[in-house]
>>> print(open('model.tsv').read())   # TSV, C-alpha atoms
chain	number	residue	atom	x	y	z
Q	75	MET	CA	15.22	-15.26	-4.51
Q	76	LYS	CA	11.89	-16.62	-5.70
Q	77	ILE	CA	9.20	-14.20	-4.61
Q	78	LEU	CA	5.42	-14.28	-4.76
Q	79	LEU	CA	4.09	-10.77	-5.22
Q	80	THR	CA	0.33	-10.40	-4.99
Q	81	GLY	CA	-1.36	-7.40	-6.55
Q	82	ALA	CA	1.22	-7.40	-9.34
Q	83	ALA	CA	-1.07	-5.45	-11.69
Q	84	GLY	CA	-1.45	-2.70	-9.12
Q	85	PHE	CA	0.60	0.44	-9.23
Q	86	ILE	CA	2.78	-0.34	-6.22
Q	87	GLY	CA	2.91	-4.00	-7.26
Q	88	MET	CA	4.13	-3.25	-10.78
Q	89	THR	CA	6.79	-0.82	-9.59
Q	90	THR	CA	8.03	-3.23	-6.91
Q	91	THR	CA	8.16	-6.12	-9.39
Q	92	LEU	CA	10.22	-4.10	-11.86
Q	93	LYS	CA	12.81	-3.37	-9.18
Q	94	LEU	CA	12.95	-6.99	-8.00
Q	95	LEU	CA	13.43	-8.24	-11.56
Q	96	ALA	CA	16.12	-5.64	-12.21
Q	97	ARG	CA	18.20	-6.97	-9.34
Q	98	GLY	CA	17.85	-10.60	-10.43
Q	99	ASP	CA	14.99	-12.06	-8.41
Q	100	THR	CA	12.40	-14.41	-9.90
Q	101	VAL	CA	8.86	-13.11	-9.40
Q	102	VAL	CA	5.52	-14.85	-9.67
Q	103	GLY	CA	2.97	-12.05	-9.92
Q	104	LEU	CA	-0.61	-12.72	-8.87
Q	105	ASP	CA	-3.64	-10.51	-9.52
Q	106	ASN	CA	-7.35	-11.06	-10.10
Q	107	LEU	CA	-7.65	-8.08	-12.50
Q	108	ASN	CA	-10.97	-7.01	-10.99
Q	109	ASP	CA	-12.90	-4.04	-12.35
Q	110	TYR	CA	-12.71	-1.78	-9.26
Q	111	TYR	CA	-10.96	0.55	-11.71
Q	112	SER	CA	-9.75	0.32	-15.32
Q	113	VAL	CA	-8.74	-3.23	-16.19
Q	114	GLN	CA	-6.94	-1.84	-19.24
Q	115	LEU	CA	-4.64	0.20	-16.99
Q	116	LYS	CA	-3.85	-2.99	-15.06
Q	117	ARG	CA	-3.14	-4.89	-18.28
Q	118	ASP	CA	-0.86	-2.10	-19.47
Q	119	ARG	CA	1.09	-2.31	-16.23
Q	120	LEU	CA	1.43	-6.07	-16.68
Q	121	ALA	CA	2.67	-5.52	-20.23
Q	122	ARG	CA	5.71	-3.78	-18.74
Q	123	LEU	CA	6.51	-6.97	-16.79
Q	124	SER	CA	5.52	-9.81	-19.09
Q	125	SER	CA	8.53	-9.63	-21.41
Q	126	HIS	CA	10.95	-10.34	-18.57
Q	127	PRO	CA	12.15	-13.96	-18.51
Q	128	ASN	CA	12.08	-14.11	-14.69
Q	129	PHE	CA	8.44	-13.03	-14.41
Q	130	ARG	CA	5.34	-15.18	-14.58
Q	131	PHE	CA	1.80	-13.90	-14.18
Q	132	VAL	CA	-0.97	-15.88	-12.49
Q	133	GLN	CA	-4.51	-14.53	-12.70
Q	134	MET	CA	-6.15	-15.58	-9.46
Q	135	ASP	CA	-8.07	-14.10	-6.54
Q	136	VAL	CA	-6.35	-14.39	-3.16
Q	137	ALA	CA	-9.73	-15.49	-1.77
Q	138	ASP	CA	-9.49	-18.65	-3.94
Q	139	ARG	CA	-8.40	-21.03	-1.20
Q	140	PRO	CA	-7.76	-24.18	-3.31
Q	141	GLY	CA	-5.94	-22.12	-5.94
Q	142	ILE	CA	-3.69	-20.41	-3.40
Q	143	GLU	CA	-2.94	-23.72	-1.66
Q	144	LYS	CA	-1.94	-25.30	-4.98
Q	145	LEU	CA	0.22	-22.32	-5.96
Q	146	PHE	CA	2.20	-22.39	-2.72
Q	147	ALA	CA	2.62	-26.17	-2.85
Q	148	GLU	CA	3.95	-26.10	-6.41
Q	149	GLU	CA	6.18	-23.02	-6.33
Q	150	ARG	CA	7.91	-23.11	-2.92
Q	151	PHE	CA	8.51	-19.38	-2.57
Q	152	ASP	CA	11.39	-17.97	-0.54
Q	153	ARG	CA	9.52	-14.80	0.40
Q	154	VAL	CA	6.09	-13.26	-0.15
Q	155	ILE	CA	5.19	-9.61	-0.71
Q	156	HIS	CA	1.43	-9.35	-0.25
Q	157	LEU	CA	0.08	-6.14	-1.80
Q	158	ALA	CA	-3.25	-7.45	-3.13
Q	159	ALA	CA	-6.24	-5.91	-1.34
Q	160	GLN	CA	-9.53	-4.21	-1.89
Q	161	ALA	CA	-8.40	-0.62	-1.51
Q	162	GLY	CA	-10.21	2.66	-0.93
Q	163	VAL	CA	-11.85	4.14	2.17
Q	164	ARG	CA	-14.97	5.52	0.48
Q	165	TYR	CA	-15.78	2.36	-1.48
Q	166	SER	CA	-15.83	0.45	1.81
Q	167	LEU	CA	-18.93	2.44	2.78
Q	168	VAL	CA	-20.94	0.98	-0.11
Q	169	ASN	CA	-19.40	-2.47	-0.62
Q	170	PRO	CA	-17.99	-3.69	2.72
Q	171	HIS	CA	-18.25	-7.37	1.75
Q	172	ALA	CA	-15.53	-6.87	-0.89
Q	173	TYR	CA	-13.13	-5.94	1.91
Q	174	ILE	CA	-13.91	-9.05	3.94
Q	175	ASP	CA	-13.47	-11.33	0.92
Q	176	SER	CA	-10.17	-9.86	-0.24
Q	177	ASN	CA	-8.57	-8.39	2.86
Q	178	ILE	CA	-9.60	-10.95	5.48
Q	179	VAL	CA	-10.29	-14.24	3.67
Q	180	GLY	CA	-7.53	-13.56	1.14
Q	181	PHE	CA	-5.00	-12.67	3.82
Q	182	MET	CA	-5.87	-15.83	5.73
Q	183	ASN	CA	-5.10	-17.88	2.62
Q	184	ILE	CA	-1.73	-16.14	2.23
Q	185	LEU	CA	-0.85	-16.77	5.88
Q	186	GLU	CA	-1.71	-20.45	5.55
Q	187	GLY	CA	0.31	-20.75	2.34
Q	188	CYS	CA	3.33	-19.16	4.01
Q	189	ARG	CA	2.99	-21.35	7.08
Q	190	HIS	CA	2.74	-24.68	5.30
Q	191	SER	CA	5.44	-24.00	2.71
Q	192	LYS	CA	7.94	-22.55	5.22
Q	193	VAL	CA	8.22	-19.11	3.60
Q	194	GLN	CA	11.17	-17.20	5.09
Q	195	HIS	CA	9.40	-13.85	5.39
Q	196	LEU	CA	5.94	-12.41	4.69
Q	197	VAL	CA	5.81	-8.67	4.03
Q	198	TYR	CA	2.31	-7.24	3.63
Q	199	ALA	CA	0.66	-3.90	2.97
Q	200	SER	CA	-1.09	-2.31	5.90
Q	201	SER	CA	-2.22	1.32	5.81
Q	202	SER	CA	-2.00	4.65	7.61
Q	203	SER	CA	-5.78	4.37	7.89
Q	204	VAL	CA	-5.32	2.04	10.90
Q	205	TYR	CA	-4.60	5.14	13.00
Q	206	GLY	CA	-8.28	6.06	12.60
Q	207	GLY	CA	-9.49	8.40	15.32
Q	208	ASN	CA	-5.97	8.95	16.67
Q	209	THR	CA	-5.09	12.67	16.56
Q	210	ARG	CA	-1.65	12.47	18.18
Q	211	MET	CA	0.92	13.51	15.57
Q	212	PRO	CA	3.09	12.16	14.10
Q	213	PHE	CA	1.53	8.70	13.94
Q	214	SER	CA	3.83	6.19	15.63
Q	215	GLU	CA	3.87	2.40	15.46
Q	216	HIS	CA	4.15	2.47	19.25
Q	217	ASP	CA	0.69	4.09	19.58
Q	218	SER	CA	-2.61	2.25	19.91
Q	219	VAL	CA	-4.60	1.71	16.71
Q	220	ASP	CA	-7.83	0.45	18.25
Q	221	HIS	CA	-10.25	3.02	16.80
Q	222	PRO	CA	-10.60	2.55	13.01
Q	223	VAL	CA	-13.12	4.82	11.27
Q	224	SER	CA	-13.71	2.78	8.09
Q	225	MET	CA	-14.16	-0.89	7.22
Q	226	TYR	CA	-11.03	-0.64	5.07
Q	227	ALA	CA	-9.03	0.48	8.12
Q	228	ALA	CA	-10.58	-2.27	10.25
Q	229	THR	CA	-9.49	-4.96	7.78
Q	230	LYS	CA	-5.94	-3.63	7.72
Q	231	LYS	CA	-5.81	-3.61	11.52
Q	232	ALA	CA	-7.16	-7.18	11.41
Q	233	ASN	CA	-4.33	-8.16	9.04
Q	234	GLU	CA	-1.77	-7.00	11.58
Q	235	LEU	CA	-3.47	-9.01	14.33
Q	236	MET	CA	-3.69	-12.12	12.14
Q	237	ALA	CA	-0.03	-11.79	11.16
Q	238	HIS	CA	1.02	-11.52	14.80
Q	239	THR	CA	-0.92	-14.67	15.63
Q	240	TYR	CA	0.96	-16.63	12.95
Q	241	SER	CA	4.29	-15.14	14.03
Q	242	HIS	CA	3.55	-16.23	17.60
Q	243	LEU	CA	2.08	-19.68	16.91
Q	244	PHE	CA	4.20	-20.84	13.99
Q	245	GLY	CA	7.32	-18.67	14.07
Q	246	LEU	CA	6.42	-17.12	10.69
Q	247	PRO	CA	8.38	-13.86	10.32
Q	248	THR	CA	5.91	-11.13	9.26
Q	249	THR	CA	6.32	-7.42	8.61
Q	250	GLY	CA	3.41	-5.05	8.05
Q	251	LEU	CA	3.98	-1.77	6.22
Q	252	ARG	CA	1.63	1.13	6.88
Q	253	PHE	CA	1.61	3.05	3.61
Q	254	PHE	CA	0.87	6.78	3.71
Q	255	THR	CA	-1.04	8.18	0.67
Q	256	VAL	CA	1.03	6.72	-2.15
Q	257	TYR	CA	1.15	8.60	-5.47
Q	258	GLY	CA	3.14	8.66	-8.69
Q	259	PRO	CA	3.16	7.47	-12.32
Q	260	TRP	CA	0.79	4.58	-13.13
Q	261	GLY	CA	-1.23	5.48	-10.01
Q	262	ARG	CA	-4.78	4.48	-9.16
Q	263	PRO	CA	-7.61	6.40	-10.89
Q	264	ASP	CA	-9.58	6.65	-7.62
Q	265	MET	CA	-6.83	8.60	-5.85
Q	266	ALA	CA	-6.87	12.38	-5.46
Q	267	LEU	CA	-3.90	13.15	-7.73
Q	268	PHE	CA	-5.40	11.19	-10.63
Q	269	LEU	CA	-8.93	12.59	-10.10
Q	270	PHE	CA	-7.72	16.18	-9.80
Q	271	THR	CA	-5.42	15.98	-12.83
Q	272	LYS	CA	-8.14	14.47	-15.03
Q	273	ALA	CA	-10.78	17.00	-13.96
Q	274	ILE	CA	-8.52	20.04	-14.36
Q	275	LEU	CA	-7.44	18.97	-17.85
Q	276	GLU	CA	-11.08	18.39	-18.81
Q	277	GLY	CA	-12.17	21.77	-17.42
Q	278	ARG	CA	-14.35	20.27	-14.67
Q	279	PRO	CA	-14.47	21.33	-11.00
Q	280	ILE	CA	-12.69	19.19	-8.42
Q	281	ASP	CA	-14.27	18.02	-5.17
Q	282	VAL	CA	-12.23	19.26	-2.22
Q	283	PHE	CA	-13.32	17.66	1.04
Q	284	ASN	CA	-13.27	19.19	4.52
Q	285	HIS	CA	-13.30	22.56	2.70
Q	286	GLY	CA	-9.63	22.03	1.88
Q	287	GLN	CA	-8.59	21.78	5.54
Q	288	MET	CA	-6.81	18.45	5.10
Q	289	LYS	CA	-3.19	17.39	5.39
Q	290	ARG	CA	-1.73	14.23	3.92
Q	291	ASP	CA	1.70	12.65	4.18
Q	292	PHE	CA	1.94	12.11	0.41
Q	293	THR	CA	4.57	9.46	-0.34
Q	294	TYR	CA	6.10	8.92	-3.77
Q	295	VAL	CA	5.82	5.40	-5.14
Q	296	ASP	CA	9.57	4.87	-5.67
Q	297	ASP	CA	10.15	5.64	-1.98
Q	298	ILE	CA	7.47	3.14	-1.01
Q	299	VAL	CA	9.09	0.47	-3.20
Q	300	GLU	CA	12.54	1.12	-1.77
Q	301	GLY	CA	11.12	0.63	1.70
Q	302	VAL	CA	9.25	-2.54	0.73
Q	303	ILE	CA	12.34	-4.18	-0.72
Q	304	ARG	CA	14.68	-3.16	2.10
Q	305	VAL	CA	12.25	-4.53	4.66
Q	306	THR	CA	11.75	-7.74	2.66
Q	307	ASP	CA	15.51	-8.28	2.73
Q	308	ARG	CA	15.68	-7.97	6.52
Q	309	ILE	CA	13.65	-10.76	8.05
Q	310	ALA	CA	11.44	-9.78	11.00
Q	311	ALA	CA	12.83	-10.82	14.38
Q	312	PRO	CA	11.62	-10.70	17.98
Q	313	ASN	CA	12.31	-7.53	19.92
Q	314	PRO	CA	14.73	-8.53	22.72
Q	315	GLN	CA	13.55	-5.52	24.78
Q	316	TYR	CA	9.86	-6.45	24.49
Q	317	GLN	CA	8.07	-6.45	27.86
Q	318	SER	CA	4.70	-8.19	28.09
Q	319	ASP	CA	3.58	-6.02	31.02
Q	320	THR	CA	4.10	-2.87	28.89
Q	321	PRO	CA	3.47	-4.24	25.37
Q	322	ASP	CA	4.75	-2.31	22.37
Q	323	PRO	CA	2.21	-2.48	19.49
Q	324	GLY	CA	4.93	-2.16	16.85
Q	325	THR	CA	7.07	-5.13	17.94
Q	326	SER	CA	6.68	-8.41	19.81
Q	327	HIS	CA	8.27	-11.37	21.53
Q	328	ALA	CA	7.48	-13.09	18.19
Q	329	PRO	CA	9.16	-12.41	14.79
Q	330	PHE	CA	6.68	-9.62	14.02
Q	331	ARG	CA	7.25	-6.02	12.98
Q	332	VAL	CA	5.13	-3.09	11.81
Q	333	PHE	CA	6.56	0.03	10.15
Q	334	ASN	CA	5.23	3.31	8.80
Q	335	ILE	CA	6.34	4.23	5.30
Q	336	GLY	CA	5.54	7.89	4.77
Q	337	ASN	CA	7.25	11.08	3.68
Q	338	HIS	CA	7.13	12.40	7.30
Q	339	ASN	CA	6.11	15.78	5.89
Q	340	PRO	CA	2.33	16.40	5.84
Q	341	VAL	CA	1.24	18.70	3.03
Q	342	PRO	CA	-1.93	20.83	3.15
Q	343	LEU	CA	-4.37	19.65	0.50
Q	344	LEU	CA	-4.65	23.13	-1.02
Q	345	ASP	CA	-0.85	23.24	-1.44
Q	346	PHE	CA	-1.00	19.80	-3.11
Q	347	ILE	CA	-3.64	21.13	-5.52
Q	348	GLY	CA	-1.48	24.19	-6.16
Q	349	ALA	CA	1.42	21.96	-7.17
Q	350	ILE	CA	-0.86	20.10	-9.61
Q	351	GLU	CA	-2.03	23.41	-11.07
Q	352	ASP	CA	1.57	24.53	-11.56
Q	353	ALA	CA	2.53	21.24	-13.22
Q	354	LEU	CA	-0.46	21.43	-15.57
Q	355	GLY	CA	-0.29	25.17	-16.20
Q	356	ARG	CA	-4.02	25.43	-15.40
Q	357	LYS	CA	-6.11	26.55	-12.45
Q	358	ALA	CA	-8.64	24.30	-10.75
Q	359	GLU	CA	-12.24	25.21	-10.05
Q	360	LYS	CA	-12.82	23.95	-6.49
Q	361	ASN	CA	-16.05	22.48	-5.16
Q	362	LEU	CA	-15.60	22.72	-1.38
Q	363	LEU	CA	-17.36	19.94	0.53
Q	364	PRO	CA	-17.57	18.62	4.14
Q	365	LEU	CA	-15.32	15.85	5.46
Q	366	GLN	CA	-16.36	12.48	4.05
Q	367	ASP	CA	-17.39	9.63	6.33
Q	368	GLY	CA	-14.38	7.37	6.94
Q	369	ASP	CA	-11.83	10.09	6.18
Q	370	VAL	CA	-9.46	11.69	8.69
Q	371	PRO	CA	-8.35	15.35	8.61
Q	372	ALA	CA	-4.60	14.66	8.70
Q	373	THR	CA	-1.93	11.98	8.42
Q	374	TYR	CA	1.72	12.29	9.44
Q	375	ALA	CA	4.20	9.40	9.63
Q	376	ASP	CA	6.85	8.94	12.27
Q	377	VAL	CA	9.46	6.92	10.34
Q	378	GLU	CA	12.15	6.64	13.01
Q	379	ALA	CA	11.60	2.88	13.38
Q	380	LEU	CA	11.86	2.32	9.61
Q	381	THR	CA	15.03	4.38	9.41
Q	382	GLU	CA	16.62	2.45	12.26
Q	383	TRP	CA	15.59	-0.95	10.85
Q	384	ALA	CA	16.12	-0.45	7.11
Q	385	GLY	CA	18.47	2.54	6.92
Q	386	PHE	CA	16.01	4.45	4.77
Q	387	ALA	CA	13.36	7.15	4.92
Q	388	PRO	CA	11.23	8.49	2.02
Q	389	ALA	CA	12.33	11.94	0.87
Q	390	THR	CA	10.88	12.77	-2.58
Q	391	ASP	CA	9.24	16.20	-2.41
Q	392	VAL	CA	5.67	16.59	-3.61
Q	393	ARG	CA	6.40	18.97	-6.49
Q	394	THR	CA	8.95	16.57	-7.97
Q	395	GLY	CA	6.60	13.62	-7.61
Q	396	ILE	CA	3.60	15.45	-9.04
Q	397	GLY	CA	5.68	16.62	-11.99
Q	398	ARG	CA	6.61	13.01	-12.79
Q	399	PHE	CA	2.98	11.92	-12.50
Q	400	VAL	CA	1.72	14.67	-14.79
Q	401	GLU	CA	4.38	13.81	-17.36
Q	402	TRP	CA	3.26	10.15	-17.28
Q	403	TYR	CA	-0.44	11.07	-17.41
Q	404	ARG	CA	-0.03	13.30	-20.46
Q	405	SER	CA	1.98	10.60	-22.24
Q	406	TYR	CA	-0.27	7.66	-21.31
Q	407	TYR	CA	-3.54	9.42	-22.16
Q	408	LYS	CA	-2.03	11.50	-24.99
Q	409	VAL	CA	-3.31	14.76	-23.48
>>> encode(input="model.tsv", output="structure tokens")
Amino acid sequence: MKILLTGAAGFIGMTTTLKLLARGDTVVGLDNLNDYYSVQLKRDRLARLSSHPNFRFVQMDVADRPGIEKLFAEERFDRVIHLAAQAGVRYSLVNPHAYIDSNIVGFMNILEGCRHSKVQHLVYASSSSVYGGNTRMPFSEHDSVDHPVSMYAATKKANELMAHTYSHLFGLPTTGLRFFTVYGPWGRPDMALFLFTKAILEGRPIDVFNHGQMKRDFTYVDDIVEGVIRVTDRIAAPNPQYQSDTPDPGTSHAPFRVFNIGNHNPVPLLDFIGAIEDALGRKAEKNLLPLQDGDVPATYADVEALTEWAGFAPATDVRTGIGRFVEWYRSYYKV
């Protein structure tokens, strides 16, 4: 297939593209290479893709409406995997406009491109953050997600609503994937694993929020990618059991689906830090702090719907995943 993958210089984007290319797909990778974090890291990810004959990189912002319209008109993609977004809960507290530009305006441009060029299937990144103030565990796609606690979460919830509208009005098959705390080699420098590893190796204290009383459903990047590709291959379809008088938030009368992708095994933050310490052979000095605005104490994915739909559930244990990350980090940064 010919696939547009946005956010190709991102860590999930790069890993997904490599797997698509390996199986014979043609991929047009789009990224704006912004400086939210190290542009050099993004360029190094792209370097792993650029030598492949079936890959072409386009540097463009998804908020560039004329550019996106032209790209869709010229390329005629079979399917679209939309991973580009302004990420990060805490950054949304200080620069909320970046989230509107990328996550709302940009997503609108992608929807319009898919609609007018008759794309077979749009798969897009949502987030576990949409569960917001929900404390019922595990988080299920069949639960309400009407109480976001960060602008980032609100934009991801908005993406799901926008996608449903296009599925309903224009018959565009869309699938949203709620990622749960993705980690692994080539990961983002603003994520906990990267920050903790860097600080411990440099002999600096690490900031541990909510005094360490946090749990996260840490999900290894290869598991995320497997889920993304399996879902891309199975085009979203209406739920024949959908009842409008008792609406199910995870499905619809339209070709619309939403799935969690998580390890369905929440890990206490202090255990996560312990696994990093073991992998590094060093102890961390912990700076215990209150819960940050926009954060939630725990995440836990119910993946029954994903397993039923795609025949897959993430299963990489945290110690294995952290070990692979630390090995990459030491090699990449020559530590």
>>> atom_distance(input="model.tsv", atom1="CA of Leu196 in chain Q", atom2="CA of Thr306 in chain Q")
7.7 Å
>>> residues_around(input="model.tsv", residues="range 281-284 of chain Q", least_positions_apart="4", cutoff="12 Å", atoms="only C-alpha atoms", output="CSV table (one decimal) with C-alpha atoms, in the frame of the given file")
chain,number,residue,atom,x,y,z
Q,266,ALA,CA,-6.9,12.4,-5.5
Q,267,LEU,CA,-3.9,13.2,-7.7
Q,269,LEU,CA,-8.9,12.6,-10.1
Q,270,PHE,CA,-7.7,16.2,-9.8
Q,271,THR,CA,-5.4,16.0,-12.8
Q,273,ALA,CA,-10.8,17.0,-14.0
Q,274,ILE,CA,-8.5,20.0,-14.4
Q,288,MET,CA,-6.8,18.4,5.1
Q,289,LYS,CA,-3.2,17.4,5.4
Q,342,PRO,CA,-1.9,20.8,3.2
Q,343,LEU,CA,-4.4,19.6,0.5
Q,344,LEU,CA,-4.6,23.1,-1.0
Q,346,PHE,CA,-1.0,19.8,-3.1
Q,347,ILE,CA,-3.6,21.1,-5.5
Q,358,ALA,CA,-8.6,24.3,-10.8
Q,359,GLU,CA,-12.2,25.2,-10.0
Q,360,LYS,CA,-12.8,24.0,-6.5
Q,361,ASN,CA,-16.0,22.5,-5.2
Q,362,LEU,CA,-15.6,22.7,-1.4
Q,363,LEU,CA,-17.4,19.9,0.5
Q,364,PRO,CA,-17.6,18.6,4.1
Q,365,LEU,CA,-15.3,15.8,5.5
Q,366,GLN,CA,-16.4,12.5,4.0
Q,367,ASP,CA,-17.4,9.6,6.3
Q,368,GLY,CA,-14.4,7.4,6.9
Q,369,ASP,CA,-11.8,10.1,6.2
Q,370,VAL,CA,-9.5,11.7,8.7
Q,371,PRO,CA,-8.4,15.4,8.6
Q,372,ALA,CA,-4.6,14.7,8.7
>>> residues_around(input="model.tsv", residues="Gly261 in chain Q", least_positions_apart="2", cutoff="9 Å", atoms="all atoms listed in the file", output="PyMOL selection string")
chain Q and resi 84-86+256-259+263-265+267-268+295+399
>>> closest_residue(input="model.tsv", among="Q:Met88, Q:Ile309, Q:Met134, Q:Val102", to="Glu148 in chain Q", atoms="all atoms listed in the file")
Q:Val102
>>> residues_around(input="model.tsv", residues="Phe181 in chain Q", least_positions_apart="4", cutoff="12 Å", atoms="all atoms listed in the file", output="PyMOL selection string")
chain Q and resi 80+135-139+142+154-160+173-177+185-188+196-200+229-237+240
>>> atom_distance(input="model.tsv", atom1="CA of His126 in chain Q", atom2="CA of Pro247 in chain Q")
29.2 Å
>>> closest_residue(input="model.tsv", among="Q:Gly206, Q:Pro388, Q:Pro127, Q:Pro312", to="Val332 in chain Q", atoms="all atoms listed in the file")
Q:Pro312
>>> closest_residue(input="model.tsv", among="Q:Glu300, Q:Asp322, Q:Glu378, Q:Glu143", to="Ile184 in chain Q", atoms="all atoms listed in the file")
Q:Glu143
